[in-house]
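To start, the structure itself, in structure tokens.
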Amino acid sequence: MRNSNSGIAGLYGLLANIFATEVSPELLAQLRSADFRELFTELKIDLGEDFYSGDAAEIVDQLAVEFAGLFLGPGHFISPHESVHHVRDDGDYGTLWGADTVAVKKFIEATGLSYKPEFGGMPDHIAVELEFIQKLEERYAQAVDDGEMELADNLMKIKKRFFTEHLLAWAPEFLTKVAERATLPFYREMAVLLQLLLEQENRIITESTEECAPV
């Protein structure tokens with residue numbers, strides 16, 4: 001799945017967009033393009049024939065209803081925030097604006113990145129965490145292109161730490177719930193795609209840790 005850092009950054013950015021808000025007509029058109037259909041086929045992501053051939057306006061409406069039901073409510077929905085799902089030893093989890101919300105905000109800002117002035121969401125939203133990884137991948141690719149290998153190495157260390165302390169500690173459970181509850185193929189398959197991506201990242205982190213372990 002990992003063809004290049006610029007490509008993987010784009011994939012994280014796409015998934016961040018998908019989990020951030022309802023699919024727009026413009027994004028739907030992009031996702032139904034031949035290039036994306038080929039990509040999804042290669043990744044064994046099956047969105048169904050109706051996704052590609054159905055009426056675009058109807059699909060946008062259906063996905064908006066699904067998005068609201070999954071992530072917004074009313075009723076029993078799946079909060080897309082780390083502080084709700086990340087089980088902590090100190091017991092500070094299960095609610096919004098928990099300890100992990102603050103921890104994620106501090107982590108991201110410590111790297112020199114900042115939230116957009118108009119950002120009104122919570123720092124530990126799944127889309128925010130994915131966008132953060134996207135930015136790290138972009139900065140890493142640029143550092144490699146510029147021959148700044150020490151910077152590139154530091155960026156990868158930051159990424160691995162964020163995965164270990166945050167994304168991998170809660171996103172797999174969250175994505176499993178999304179895949180189980182989704183009624184349309186789209187959000188189920190996007191959850192599966194992100195799950196596969198995180199599993200790959202976890203393998204890379206595990207292998208690199210084993211290589212660095214003392215004999």
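Identifiers in the structure tokens: chain A, B, ... in order shown; residue index from 1 per chain; ligand index from 1 in order shown.
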### Message
Excluding segment 193-209 of chain A and its own-chain neighbours fewer than 2 positions away, which residues fall within 12 Å of it when counting only C-alpha atoms? Please give them as a PyMOL selection string.
### Response
chain A and resi 1-2+8-9+11-16+18-19+39-47+126-127+130+133+156-179+185-191+211-214
Please produce a file of the residues just selected, as a PDB file, in the first residue's frame, where the atoms kept are C-alpha atoms.
```
ATOM      1  CA  MET A   1       0.000   0.000   0.000  1.00  0.00           C
ATOM      2  CA  ARG A   2       2.897   2.333   0.764  1.00  0.00           C
ATOM      3  CA  ILE A   8       0.612   8.034   1.563  1.00  0.00           C
ATOM      4  CA  ALA A   9       0.268  11.648   2.696  1.00  0.00           C
ATOM      5  CA  LEU A  11      -4.264   9.007   1.358  1.00  0.00           C
ATOM      6  CA  TYR A  12      -4.183  10.231   4.948  1.00  0.00           C
ATOM      7  CA  GLY A  13      -5.482  13.597   3.755  1.00  0.00           C
ATOM      8  CA  LEU A  14      -8.320  11.950   1.851  1.00  0.00           C
ATOM      9  CA  LEU A  15      -9.359   9.859   4.846  1.00  0.00           C
ATOM     10  CA  ALA A  16      -9.134  12.904   7.110  1.00  0.00           C
ATOM     11  CA  ILE A  18     -13.909  11.753   4.656  1.00  0.00           C
ATOM     12  CA  PHE A  19     -14.127  11.421   8.439  1.00  0.00           C
ATOM     13  CA  LEU A  39      -6.961   2.576  -6.664  1.00  0.00           C
ATOM     14  CA  PHE A  40      -9.854   1.186  -4.626  1.00  0.00           C
ATOM     15  CA  THR A  41      -9.921  -1.941  -6.778  1.00  0.00           C
ATOM     16  CA  GLU A  42      -6.200  -2.493  -6.187  1.00  0.00           C
ATOM     17  CA  LEU A  43      -6.763  -2.125  -2.445  1.00  0.00           C
ATOM     18  CA  LYS A  44      -9.771  -4.487  -2.596  1.00  0.00           C
ATOM     19  CA  ILE A  45     -12.103  -1.741  -1.405  1.00  0.00           C
ATOM     20  CA  ASP A  46     -15.583  -2.522  -2.746  1.00  0.00           C
ATOM     21  CA  LEU A  47     -17.903   0.486  -2.748  1.00  0.00           C
ATOM     22  CA  ILE A 126      -9.997  11.288  14.144  1.00  0.00           C
ATOM     23  CA  ALA A 127      -9.840  13.670  11.175  1.00  0.00           C
ATOM     24  CA  LEU A 130      -5.113  11.893  10.387  1.00  0.00           C
ATOM     25  CA  ILE A 133      -0.009  12.431  10.094  1.00  0.00           C
ATOM     26  CA  MET A 156       9.618   9.646  11.601  1.00  0.00           C
ATOM     27  CA  LYS A 157      10.357   9.372  15.323  1.00  0.00           C
ATOM     28  CA  ILE A 158       7.612  11.915  16.015  1.00  0.00           C
ATOM     29  CA  LYS A 159       5.212  10.006  13.811  1.00  0.00           C
ATOM     30  CA  LYS A 160       5.971   6.668  15.478  1.00  0.00           C
ATOM     31  CA  ARG A 161       5.488   8.204  18.916  1.00  0.00           C
ATOM     32  CA  PHE A 162       2.143   9.726  17.922  1.00  0.00           C
ATOM     33  CA  PHE A 163       0.963   6.415  16.525  1.00  0.00           C
ATOM     34  CA  THR A 164       2.025   4.532  19.645  1.00  0.00           C
ATOM     35  CA  GLU A 165       0.665   7.019  22.180  1.00  0.00           C
ATOM     36  CA  HIS A 166      -2.480   8.011  20.319  1.00  0.00           C
ATOM     37  CA  LEU A 167      -3.792   6.671  16.993  1.00  0.00           C
ATOM     38  CA  LEU A 168      -3.028   2.990  17.527  1.00  0.00           C
ATOM     39  CA  ALA A 169      -4.357   3.185  21.080  1.00  0.00           C
ATOM     40  CA  TRP A 170      -7.934   3.930  20.033  1.00  0.00           C
ATOM     41  CA  ALA A 171      -8.576   4.136  16.284  1.00  0.00           C
ATOM     42  CA  PRO A 172      -8.741   0.352  15.625  1.00  0.00           C
ATOM     43  CA  GLU A 173     -11.627  -0.055  18.093  1.00  0.00           C
ATOM     44  CA  PHE A 174     -13.363   3.029  16.704  1.00  0.00           C
ATOM     45  CA  LEU A 175     -13.032   1.799  13.116  1.00  0.00           C
ATOM     46  CA  THR A 176     -14.334  -1.648  14.013  1.00  0.00           C
ATOM     47  CA  LYS A 177     -17.467  -0.025  15.441  1.00  0.00           C
ATOM     48  CA  VAL A 178     -17.902   2.088  12.300  1.00  0.00           C
ATOM     49  CA  ALA A 179     -17.538  -0.927  10.009  1.00  0.00           C
ATOM     50  CA  PRO A 185     -20.677   0.239   1.795  1.00  0.00           C
ATOM     51  CA  PHE A 186     -18.894   3.603   1.696  1.00  0.00           C
ATOM     52  CA  TYR A 187     -18.188   4.259   5.377  1.00  0.00           C
ATOM     53  CA  ARG A 188     -17.715   0.559   6.097  1.00  0.00           C
ATOM     54  CA  GLU A 189     -15.076   0.305   3.381  1.00  0.00           C
ATOM     55  CA  MET A 190     -13.380   3.568   4.371  1.00  0.00           C
ATOM     56  CA  ALA A 191     -13.116   2.236   7.924  1.00  0.00           C
ATOM     57  CA  GLU A 211      15.707  -3.932  14.782  1.00  0.00           C
ATOM     58  CA  CYS A 212      16.807  -1.325  17.333  1.00  0.00           C
ATOM     59  CA  ALA A 213      16.453  -3.643  20.343  1.00  0.00           C
ATOM     60  CA  PRO A 214      19.705  -4.728  22.045  1.00  0.00           C
TER      61      PRO A 214
END
```
### Message
Considering only helix (DSSP H, G or I) as DSSP defines it on the backbone, what residues of segment 18-90 of chain A qualify? List them as a ChimeraX atom specification.
### Response
/A:18-20,25-31,34-42,49-53,56-72,82-85
### Query
What is the distance, in Å and to one decimal place, between atom CA of Phe51 of chain A and atom CA of Arg32 of chain A?
7.5 Å
### Task
Mind giving me the straight-line distance from atom CA of Gln62 of chain A to atom CA of His125 of chain A in Å, one decimal?
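Separation of atom CA of Gln62 of chain A and atom CA of His125 of chain A: 22.9 Å.
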### Query
atom CA of Gln30 of chain A to atom CA of Tyr52 of chain A: how many Å, to one decimal?
10.8 Å
